[in-house]
$ cat target17.pdb   # PDB, C-alpha atoms, pLDDT in the B column
ATOM      1  CA  MET E   1      69.248 142.234  12.069  1.00 65.00           C
ATOM      2  CA  LYS E   2      68.835 138.466  12.513  1.00 65.00           C
ATOM      3  CA  LYS E   3      72.494 138.178  13.475  1.00 63.00           C
ATOM      4  CA  VAL E   4      72.100 140.847  16.156  1.00 56.00           C
ATOM      5  CA  ILE E   5      69.055 139.104  17.615  1.00 62.00           C
ATOM      6  CA  ALA E   6      70.825 135.732  17.553  1.00 52.00           C
ATOM      7  CA  MET E   7      73.866 137.199  19.332  1.00 54.00           C
ATOM      8  CA  PHE E   8      71.619 138.830  21.925  1.00 51.00           C
ATOM      9  CA  VAL E   9      69.838 135.516  22.600  1.00 53.00           C
ATOM     10  CA  PHE E  10      73.146 133.650  23.048  1.00 53.00           C
ATOM     11  CA  LEU E  11      74.434 136.401  25.336  1.00 52.00           C
ATOM     12  CA  MET E  12      71.337 136.190  27.533  1.00 53.00           C
ATOM     13  CA  ILE E  13      71.584 132.389  27.708  1.00 53.00           C
ATOM     14  CA  GLY E  14      75.242 132.648  28.662  1.00 51.00           C
ATOM     15  CA  LEU E  15      74.495 135.139  31.410  1.00 45.00           C
ATOM     16  CA  GLN E  16      71.748 132.942  32.840  1.00 45.00           C
ATOM     17  CA  VAL E  17      74.002 129.886  32.964  1.00 46.00           C
ATOM     18  CA  HIS E  18      76.584 131.692  35.112  1.00 49.00           C
ATOM     19  CA  ALA E  19      74.164 133.835  37.074  1.00 53.00           C
ATOM     20  CA  GLN E  20      74.098 134.231  40.801  1.00 60.00           C
ATOM     21  CA  ALA E  21      71.793 131.821  42.613  1.00 68.00           C
ATOM     22  CA  ARG E  22      68.766 132.925  44.618  1.00 73.00           C
ATOM     23  CA  VAL E  23      68.973 132.763  48.413  1.00 73.00           C
ATOM     24  CA  LEU E  24      66.338 130.689  50.200  1.00 70.00           C
ATOM     25  CA  LYS E  25      65.302 131.593  53.739  1.00 73.00           C
ATOM     26  CA  GLU E  26      63.824 129.181  56.254  1.00 72.00           C
ATOM     27  CA  VAL E  27      62.917 129.911  59.874  1.00 75.00           C
ATOM     28  CA  ASN E  28      62.338 127.070  62.332  1.00 73.00           C
ATOM     29  CA  GLU E  29      59.020 126.815  64.167  1.00 65.00           C
ATOM     30  CA  ALA E  30      60.374 128.252  67.406  1.00 64.00           C
ATOM     31  CA  GLY E  31      61.680 131.251  65.462  1.00 61.00           C
ATOM     32  CA  ASP E  32      65.140 131.215  67.033  1.00 68.00           C
ATOM     33  CA  VAL E  33      67.111 129.876  64.050  1.00 79.00           C
ATOM     34  CA  ALA E  34      67.018 131.149  60.482  1.00 79.00           C
ATOM     35  CA  THR E  35      68.722 129.318  57.650  1.00 81.00           C
ATOM     36  CA  PHE E  36      69.896 131.054  54.490  1.00 82.00           C
ATOM     37  CA  GLU E  37      71.201 128.928  51.625  1.00 84.00           C
ATOM     38  CA  LEU E  38      71.625 129.042  47.884  1.00 79.00           C
ATOM     39  CA  ASP E  39      68.703 127.749  45.844  1.00 77.00           C
ATOM     40  CA  CYS E  40      69.887 124.375  44.579  1.00 74.00           C
ATOM     41  CA  THR E  41      66.432 123.030  43.718  1.00 72.00           C
ATOM     42  CA  VAL E  42      67.240 123.026  40.000  1.00 73.00           C
ATOM     43  CA  LYS E  43      71.035 122.562  40.116  1.00 76.00           C
ATOM     44  CA  PHE E  44      74.056 123.198  42.315  1.00 78.00           C
ATOM     45  CA  GLN E  45      76.407 126.068  41.536  1.00 83.00           C
ATOM     46  CA  THR E  46      79.677 125.087  39.829  1.00 84.00           C
ATOM     47  CA  LEU E  47      82.966 125.887  41.547  1.00 84.00           C
ATOM     48  CA  ALA E  48      85.216 124.038  39.085  1.00 85.00           C
ATOM     49  CA  LYS E  49      84.741 121.379  36.440  1.00 86.00           C
ATOM     50  CA  GLY E  50      83.383 118.369  38.330  1.00 84.00           C
ATOM     51  CA  LEU E  51      83.002 120.286  41.607  1.00 86.00           C
ATOM     52  CA  ARG E  52      79.746 121.881  42.737  1.00 86.00           C
ATOM     53  CA  TYR E  53      78.837 123.721  45.933  1.00 88.00           C
ATOM     54  CA  ASN E  54      76.206 125.190  48.229  1.00 86.00           C
ATOM     55  CA  ILE E  55      76.672 127.828  50.941  1.00 86.00           C
ATOM     56  CA  THR E  56      74.555 127.842  54.112  1.00 87.00           C
ATOM     57  CA  ARG E  57      74.292 130.339  56.968  1.00 87.00           C
ATOM     58  CA  HIS E  58      72.556 129.480  60.249  1.00 85.00           C
ATOM     59  CA  GLU E  59      71.595 132.642  62.104  1.00 83.00           C
ATOM     60  CA  PHE E  60      70.722 132.307  65.787  1.00 81.00           C
ATOM     61  CA  LYS E  61      68.756 134.763  67.909  1.00 79.00           C
ATOM     62  CA  GLY E  62      70.496 136.001  70.994  1.00 71.00           C
ATOM     63  CA  PRO E  63      74.127 136.730  71.813  1.00 70.00           C
ATOM     64  CA  GLU E  64      74.928 133.304  73.293  1.00 67.00           C
ATOM     65  CA  MET E  65      75.109 131.532  69.902  1.00 70.00           C
ATOM     66  CA  LYS E  66      77.278 132.639  67.016  1.00 77.00           C
ATOM     67  CA  ASN E  67      76.125 132.432  63.384  1.00 82.00           C
ATOM     68  CA  SER E  68      77.626 129.501  61.494  1.00 86.00           C
ATOM     69  CA  TYR E  69      78.632 129.300  57.844  1.00 87.00           C
ATOM     70  CA  ARG E  70      79.152 126.094  55.871  1.00 88.00           C
ATOM     71  CA  LEU E  71      80.373 125.323  52.368  1.00 87.00           C
ATOM     72  CA  LEU E  72      79.119 122.007  50.970  1.00 85.00           C
ATOM     73  CA  LEU E  73      81.370 120.653  48.228  1.00 85.00           C
ATOM     74  CA  VAL E  74      80.194 117.852  45.924  1.00 83.00           C
ATOM     75  CA  ALA E  75      82.672 116.183  43.581  1.00 81.00           C
ATOM     76  CA  ASP E  76      80.790 114.718  40.607  1.00 77.00           C
ATOM     77  CA  GLY E  77      81.583 111.091  39.889  1.00 68.00           C
ATOM     78  CA  PHE E  78      84.326 110.946  42.502  1.00 66.00           C
ATOM     79  CA  TYR E  79      85.374 107.440  43.418  1.00 62.00           C
ATOM     80  CA  SER E  80      88.243 106.175  45.530  1.00 62.00           C
ATOM     81  CA  LYS E  81      89.649 102.680  44.968  1.00 62.00           C
ATOM     82  CA  THR E  82      91.179 102.593  48.424  1.00 61.00           C
ATOM     83  CA  LEU E  83      89.123 101.713  51.481  1.00 60.00           C
ATOM     84  CA  ASN E  84      89.546 104.489  54.021  1.00 61.00           C
ATOM     85  CA  ASN E  85      87.981 105.391  57.343  1.00 66.00           C
ATOM     86  CA  SER E  86      88.291 109.126  56.663  1.00 70.00           C
ATOM     87  CA  MET E  87      89.016 111.519  53.807  1.00 75.00           C
ATOM     88  CA  THR E  88      90.264 115.114  53.795  1.00 81.00           C
ATOM     89  CA  ILE E  89      89.180 117.980  51.549  1.00 84.00           C
ATOM     90  CA  SER E  90      91.118 121.262  51.521  1.00 87.00           C
ATOM     91  CA  ALA E  91      90.283 124.656  50.008  1.00 88.00           C
ATOM     92  CA  VAL E  92      93.450 126.672  49.368  1.00 89.00           C
ATOM     93  CA  LEU E  93      92.955 130.450  49.506  1.00 88.00           C
ATOM     94  CA  SER E  94      94.921 133.120  47.650  1.00 87.00           C
ATOM     95  CA  ASP E  95      96.231 134.529  50.956  1.00 85.00           C
ATOM     96  CA  GLY E  96      97.838 131.169  51.815  1.00 85.00           C
ATOM     97  CA  ASN E  97      95.246 130.003  54.346  1.00 85.00           C
ATOM     98  CA  ILE E  98      93.708 126.560  54.028  1.00 87.00           C
ATOM     99  CA  ILE E  99      90.178 125.556  55.038  1.00 86.00           C
ATOM    100  CA  GLU E 100      90.164 121.838  55.694  1.00 85.00           C
ATOM    101  CA  ALA E 101      87.618 119.224  56.683  1.00 83.00           C
ATOM    102  CA  ARG E 102      87.971 115.550  57.482  1.00 78.00           C
ATOM    103  CA  LYS E 103      85.053 113.370  56.458  1.00 73.00           C
ATOM    104  CA  ILE E 104      84.308 110.113  58.241  1.00 67.00           C
ATOM    105  CA  ILE E 105      83.484 107.634  55.520  1.00 66.00           C
ATOM    106  CA  GLU E 106      80.457 105.359  55.307  1.00 62.00           C
ATOM    107  CA  ASP E 107      80.546 101.760  56.524  1.00 61.00           C
ATOM    108  CA  ASP E 108      81.508 100.513  53.053  1.00 62.00           C
ATOM    109  CA  GLY E 109      84.746 102.546  53.243  1.00 58.00           C
ATOM    110  CA  PHE E 110      84.255 104.454  49.988  1.00 62.00           C
ATOM    111  CA  PHE E 111      84.098 108.247  49.768  1.00 65.00           C
ATOM    112  CA  ASP E 112      80.868 109.585  48.203  1.00 66.00           C
ATOM    113  CA  GLY E 113      82.376 112.885  47.045  1.00 70.00           C
ATOM    114  CA  ALA E 114      80.486 115.244  49.392  1.00 76.00           C
ATOM    115  CA  CYS E 115      82.016 117.145  52.289  1.00 80.00           C
ATOM    116  CA  THR E 116      81.088 120.210  54.333  1.00 84.00           C
ATOM    117  CA  LEU E 117      83.701 122.809  55.230  1.00 84.00           C
ATOM    118  CA  LYS E 118      83.015 125.082  58.214  1.00 87.00           C
ATOM    119  CA  ILE E 119      83.779 128.696  57.367  1.00 86.00           C
ATOM    120  CA  LYS E 120      85.065 130.434  60.493  1.00 85.00           C
ATOM    121  CA  ASP E 121      85.511 133.875  58.941  1.00 85.00           C
ATOM    122  CA  PRO E 122      83.268 134.378  55.890  1.00 85.00           C
ATOM    123  CA  LYS E 123      84.382 138.001  55.427  1.00 86.00           C
ATOM    124  CA  ALA E 124      88.012 136.867  55.114  1.00 84.00           C
ATOM    125  CA  LEU E 125      86.897 134.258  52.570  1.00 85.00           C
ATOM    126  CA  LEU E 126      85.097 137.011  50.680  1.00 85.00           C
ATOM    127  CA  ALA E 127      88.277 139.111  50.659  1.00 86.00           C
ATOM    128  CA  ALA E 128      90.434 136.186  49.494  1.00 86.00           C
ATOM    129  CA  ASN E 129      89.877 133.859  46.561  1.00 85.00           C
ATOM    130  CA  ILE E 130      89.667 130.094  46.654  1.00 88.00           C
ATOM    131  CA  VAL E 131      92.489 129.149  44.299  1.00 89.00           C
ATOM    132  CA  LYS E 132      91.958 125.398  44.299  1.00 89.00           C
ATOM    133  CA  VAL E 133      90.210 122.577  46.121  1.00 89.00           C
ATOM    134  CA  ILE E 134      92.137 119.392  46.883  1.00 87.00           C
ATOM    135  CA  VAL E 135      90.551 116.033  47.674  1.00 82.00           C
ATOM    136  CA  HIS E 136      93.171 113.896  49.405  1.00 78.00           C
ATOM    137  CA  ALA E 137      92.374 110.371  48.191  1.00 71.00           C
ATOM    138  CA  ASP E 138      94.473 107.585  46.639  1.00 69.00           C
ATOM    139  CA  LYS E 139      96.257 110.488  45.011  1.00 75.00           C
ATOM    140  CA  ASP E 140      95.482 114.167  45.487  1.00 81.00           C
ATOM    141  CA  VAL E 141      92.752 115.340  43.116  1.00 83.00           C
ATOM    142  CA  VAL E 142      93.084 119.072  42.468  1.00 88.00           C
ATOM    143  CA  TYR E 143      90.205 121.243  41.226  1.00 89.00           C
ATOM    144  CA  THR E 144      91.397 124.628  39.922  1.00 90.00           C
ATOM    145  CA  LEU E 145      88.862 127.481  39.817  1.00 90.00           C
ATOM    146  CA  SER E 146      88.332 129.734  36.807  1.00 90.00           C
ATOM    147  CA  GLU E 147      88.132 133.510  37.253  1.00 90.00           C
ATOM    148  CA  GLN E 148      84.463 133.456  36.239  1.00 91.00           C
ATOM    149  CA  ASN E 149      83.578 130.804  38.844  1.00 89.00           C
ATOM    150  CA  LYS E 150      85.524 132.728  41.504  1.00 89.00           C
ATOM    151  CA  ALA E 151      83.489 135.856  40.723  1.00 90.00           C
ATOM    152  CA  VAL E 152      80.160 133.986  40.864  1.00 89.00           C
ATOM    153  CA  PHE E 153      81.225 132.302  44.138  1.00 88.00           C
ATOM    154  CA  LYS E 154      82.017 135.708  45.676  1.00 90.00           C
ATOM    155  CA  LYS E 155      78.618 137.083  44.585  1.00 90.00           C
ATOM    156  CA  ASN E 156      76.876 134.046  46.080  1.00 87.00           C
ATOM    157  CA  LEU E 157      78.844 134.261  49.323  1.00 88.00           C
ATOM    158  CA  ASN E 158      78.068 137.971  49.602  1.00 89.00           C
ATOM    159  CA  ALA E 159      74.369 137.231  48.987  1.00 86.00           C
ATOM    160  CA  ILE E 160      74.410 134.708  51.865  1.00 84.00           C
ATOM    161  CA  LEU E 161      76.242 137.179  54.149  1.00 85.00           C
ATOM    162  CA  THR E 162      73.791 140.015  53.474  1.00 85.00           C
ATOM    163  CA  ALA E 163      70.544 137.998  53.305  1.00 82.00           C
ATOM    164  CA  LYS E 164      67.837 139.062  55.732  1.00 81.00           C
TER
END
$ encode --input "target17.pdb" --output "structure tokens"
Amino acid sequence: MKKVIAMFVFLMIGLQVHAQARVLKEVNEAGDVATFELDCTVKFQTLAKGLRYNITRHEFKGPEMKNSYRLLLVADGFYSKTLNNSMTISAVLSDGNIIEARKIIEDDGFFDGACTLKIKDPKALLAANIVKVIVHADKDVVYTLSEQNKAVFKKNLNAILTAK
């Protein structure tokens, strides 16, 4: 009986570690922009070992402005020896498409490891998988995603898409 209880406790802990994040909603004072993002108050979600993320949706009232979706990627402990004025991060999708962002680097010339990718078609991203993320630095640093992290990412993205 003790073994069954111990296994149940470890199973519950394991499920909590890889659970879907809550979605936070914020509406500006004028009431014309709502922001939906993953709850990263305790910790960021993990996309791959050493790579964490947050997803944000800005929803605008009225037909003149289109909703925007952003994927913030944070590379833990990333450091580039080369002084650069810009850095590129790419997310390679299973359908062959690439989402890419160029980051203008701080005055000191070193990349801090954080970059925001604009998601033009979040439903296409939901249909495809992110296979890997590449940080183009001194040499290309490749982050490969596990199947479990891909599944959690899709749940989180879907939660952002459907949040009200």
$ resolve_selection --input "target17.pdb" --expression "the PyMOL selection byres ((chain E and resi 61) around 7)" --output "list in words"
Asp32, Val33, Glu59, Phe60, Gly62 and Pro63 of chain E
$ residues_around --input "target17.pdb" --residues "Val142 of chain E" --least-positions-apart "4" --cutoff "12 Å" --atoms "all atoms listed in the file" --output "count of residues only"
17
$ resolve_selection --input "target17.pdb" --expression "the PyMOL selection byres ((chain E and resi 39) around 6)" --output "PyMOL selection string"
chain E and resi 22-24+38+40-41
$ resolve_selection --input "target17.pdb" --expression "the PyMOL selection byres ((chain E and resi 47) around 9)" --output "NGL selection string"
:E and (45-46 or 48-53 or 73 or 143-146 or 149-150 or 152-153)
$ closest_residue --input "target17.pdb" --among "E:Arg102, E:Lys43, E:Lys139, E:Arg57" --to "Leu71 of chain E" --atoms "only C-alpha atoms"
E:Arg57
$ closest_residue --input "target17.pdb" --among "E:Val74, E:Val141, E:Leu93, E:Met87" --to "Gly113 of chain E" --atoms "only C-alpha atoms"
E:Val74
$ atom_distance --input "target17.pdb" --atom1 "atom CA of Ala159 of chain E" --atom2 "atom CA of Asp121 of chain E"
15.3 Å
$ atom_distance --input "target17.pdb" --atom1 "atom CA of His58 of chain E" --atom2 "atom CA of Thr162 of chain E"
12.6 Å
$ atom_distance --input "target17.pdb" --atom1 "atom CA of Ser94 of chain E" --atom2 "atom CA of Leu161 of chain E"
20.2 Å
$ closest_residue --input "target17.pdb" --among "E:Asn156, E:Thr88, E:Asn28, E:Asn97" --to "Cys115 of chain E" --atoms "only C-alpha atoms"
E:Thr88
